[in-house]
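**Student:** Take a look at the following structure, please.
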Amino acid sequence: MRKLNLPAYDFQHREEDGKPYVLDIFRKKYVMLTPEEEVRQRFARYLMEEKGYPASLMMTEFALKLNEMIRRCDILVHKPAGKPSVLIECKAPEVKISNATFDQVARYNMVFRVKYLMVTNGLKHYCCYLDFETRKVNFLEQIPCYTDLEIG
């Protein structure tokens with residue numbers, strides 16, 4: 001486990017052909033443990049364990065169609081009624097969060113139109129609230145708890 005700005009949760013691991021794999025509880029399968037995958041798994045668990053996001057409403061590596069191409073968003077959180085509400089992009093710790101990272105998640109949001117976007121590389125975490133009426137992007141001081149989201 002790397003030194004990240006996230007709690008170190010207990011994950012189920014195994015090795016295949018000399019490579020480490022981790023159990024993704026959302027996809028219900030083992031996936032190769034790359035640096036980005038570790039950030040995705042730990043941030044998803046952080047949202048569940050520390051911020052109260054229901055596991056049943058979270059999806060990892062969710063496929064979307066953008067400009068006739070299939071892409072995958074890292075984490076998508078739904079409302080209880082099934083409509084997407086939070087879109088999260090994860091990067092490996094050595095990848096600096098930049099405008100290009102926000103551009104990527106904003107492009108994905110053209111499909112979902114969620115009010116909350118989060119970006120993390122495991123070291124720094126950002127969350128912004130999109131006010132579609134005023135067309136403003138408001139960066140939040142911290143990652144909100146699920147119960148604090150304006151998901152109406």
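Simple scheme: letters A, B, ... for chains in structure tokens order, numbers from 1 for residues in each chain, numbers from 1 for ligands in the order shown.
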Using only C-alpha atoms, determine which residues lie at most 6 Å from range 81-98 of chain A, disregarding the query and same-chain residues fewer than 5 positions distant; provide the list as a list in words.

**Tutor:**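 Returned residues: Pro35, Glu36, Arg40, Asp74, Ile75, Leu76, Val114, Tyr116, Leu117, Met118, Val119, Thr120, Asn121 and Gly122 of chain A.
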
**Student:** What residues in chain A get the DSSP label strand (DSSP E or B)? Please answer as number ranges by chain.

**Tutor:** A: 13-16, 19-24, 29-32, 58-66, 69-78, 84-90, 116-120, 125-131, 136-139

**Student:** Just how far from CA of Lys28 in chain A is CA of Pro7 in chain A, in Å to one decimal?

**Tutor:**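 The value is 21.5 Å.
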
**Student:** Which polymer residues have any atom within 9 Å of an atom of Leu130 in chain A, counting only C-alpha atoms, with same-chain residues fewer than 4 positions away left out, as a compact mmCIF listing (two decimals) with N, CA and C atoms, in the first residue's frame?

**Tutor:**
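Result file follows (out13.txt):
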# COMPACT_ATOMS: atom_id res chain seq x y z
N VAL A 114 -24.48 15.73 -13.58
CA VAL A 114 -24.56 15.67 -12.12
C VAL A 114 -24.17 17.03 -11.55
N LYS A 115 -24.53 17.26 -10.29
CA LYS A 115 -24.21 18.53 -9.64
C LYS A 115 -22.86 18.50 -8.93
N TYR A 116 -22.32 17.30 -8.68
CA TYR A 116 -21.06 17.19 -7.94
C TYR A 116 -20.02 16.45 -8.76
N LEU A 117 -18.84 17.08 -8.88
CA LEU A 117 -17.70 16.45 -9.52
C LEU A 117 -16.57 16.37 -8.50
N THR A 134 -27.20 29.20 -12.38
CA THR A 134 -26.35 30.38 -12.47
C THR A 134 -25.10 30.13 -13.32
N ARG A 135 -24.91 28.89 -13.74
CA ARG A 135 -23.75 28.47 -14.54
C ARG A 135 -22.45 28.73 -13.82
N LYS A 136 -22.44 28.48 -12.49
CA LYS A 136 -21.24 28.68 -11.69
C LYS A 136 -20.72 27.34 -11.17
N VAL A 137 -19.41 27.30 -11.02
CA VAL A 137 -18.73 26.15 -10.43
C VAL A 137 -18.21 26.60 -9.07
N ASN A 138 -18.65 25.93 -8.01
CA ASN A 138 -18.24 26.29 -6.66
C ASN A 138 -17.39 25.16 -6.08
N PHE A 139 -16.12 25.45 -5.80
CA PHE A 139 -15.27 24.45 -5.17
C PHE A 139 -15.58 24.40 -3.67

**Student:** I want to know what sits within 12 Å of Glu49 in chain A, based on only C-alpha atoms, with residues of the same chain fewer than 6 positions away left out; could you give that as a PyMOL selection string?

**Tutor:** chain A and resi 6-10+41-43+55+145-146

**Student:** Which one of A:Phe132, A:Phe112, A:Phe26, A:Tyr21 sits closest to Leu57 in chain A if you count only C-alpha atoms?

**Tutor:**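 Counting only C-alpha atoms, the residue closest to Leu57 in chain A is A:Phe26.
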
**Student:** How many Å separate CA of Glu38 in chain A from CA of Ile70 in chain A?

**Tutor:**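 Here the two named atoms are 22.8 Å from each other.
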
**Student:** Using only C-alpha atoms, can you tell me which of A:Asn5, A:Thr34, A:Ala44, A:Val111 comes closest to Glu68 in chain A?

**Tutor:**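 Closest to Glu68 in chain A of all the choices is A:Val111.
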
**Student:** Would you please work out which residue, of A:Tyr53, A:Thr60, A:Leu23, A:Leu66, is nearest to Ala106 in chain A when using only C-alpha atoms?

**Tutor:**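 When distances to Ala106 in chain A are compared using only C-alpha atoms, the smallest one comes from A:Leu66.
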
**Student:** If we count only C-alpha atoms and set the cut-off at 6 Å, which residues sit around Leu33 in chain A, ignoring sequence neighbours fewer than 4 positions away in its own chain? Please answer as a PyMOL selection string.

**Tutor:** chain A and resi 20-22+37

**Student:** If you run DSSP on the backbone, which residues of range 1-122 of chain A are alpha helix (DSSP H), as a list in words?

**Tutor:**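 Written out, the alpha helix (DSSP H) residues of range 1-122 of chain A are Pro35, Glu36, Glu37, Glu38, Val39, Arg40, Gln41, Arg42, Phe43, Ala44, Arg45, Tyr46, Leu47, Met48, Glu49, Asn99, Ala100, Thr101, Phe102, Asp103, Gln104, Val105, Ala106, Arg107, Tyr108, Asn109, Met110, Val111 and Phe112 of chain A.
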
**Student:** Show which residues sit within 12 Å of Glu141 in chain A, as a list of chain:residue names. Count only C-alpha atoms, and ignore same-chain residues fewer than 3 positions away.

**Tutor:** A:Met118, A:His125, A:Tyr126, A:Cys127, A:Cys128, A:Tyr129, A:Asn138, A:Pro144

**Student:** How would the residues just picked look written out with C-alpha atoms as a PDB file, in the first residue's frame?

**Tutor:**
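In the end it all went to out-v8.pdb:
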ATOM      1  CA  MET A 118     -14.758  15.054  -7.563  1.00  0.00           C
ATOM      2  CA  HIS A 125      -8.962  15.613  -3.347  1.00  0.00           C
ATOM      3  CA  TYR A 126     -11.188  18.225  -4.959  1.00  0.00           C
ATOM      4  CA  CYS A 127     -14.943  18.561  -5.074  1.00  0.00           C
ATOM      5  CA  CYS A 128     -17.008  21.123  -6.880  1.00  0.00           C
ATOM      6  CA  TYR A 129     -20.710  21.832  -6.982  1.00  0.00           C
ATOM      7  CA  ASN A 138     -18.238  26.291  -6.660  1.00  0.00           C
ATOM      8  CA  PRO A 144     -19.320  16.340   1.544  1.00  0.00           C
TER       9      PRO A 144
END

**Student:** With only C-alpha atoms as the basis for distance, which of A:Thr147, A:Met32, A:Val39, A:Met110 is at the shortest distance from Gly18 in chain A?

**Tutor:**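 Once distances to Gly18 in chain A are computed over only C-alpha atoms, the minimum belongs to A:Met32.
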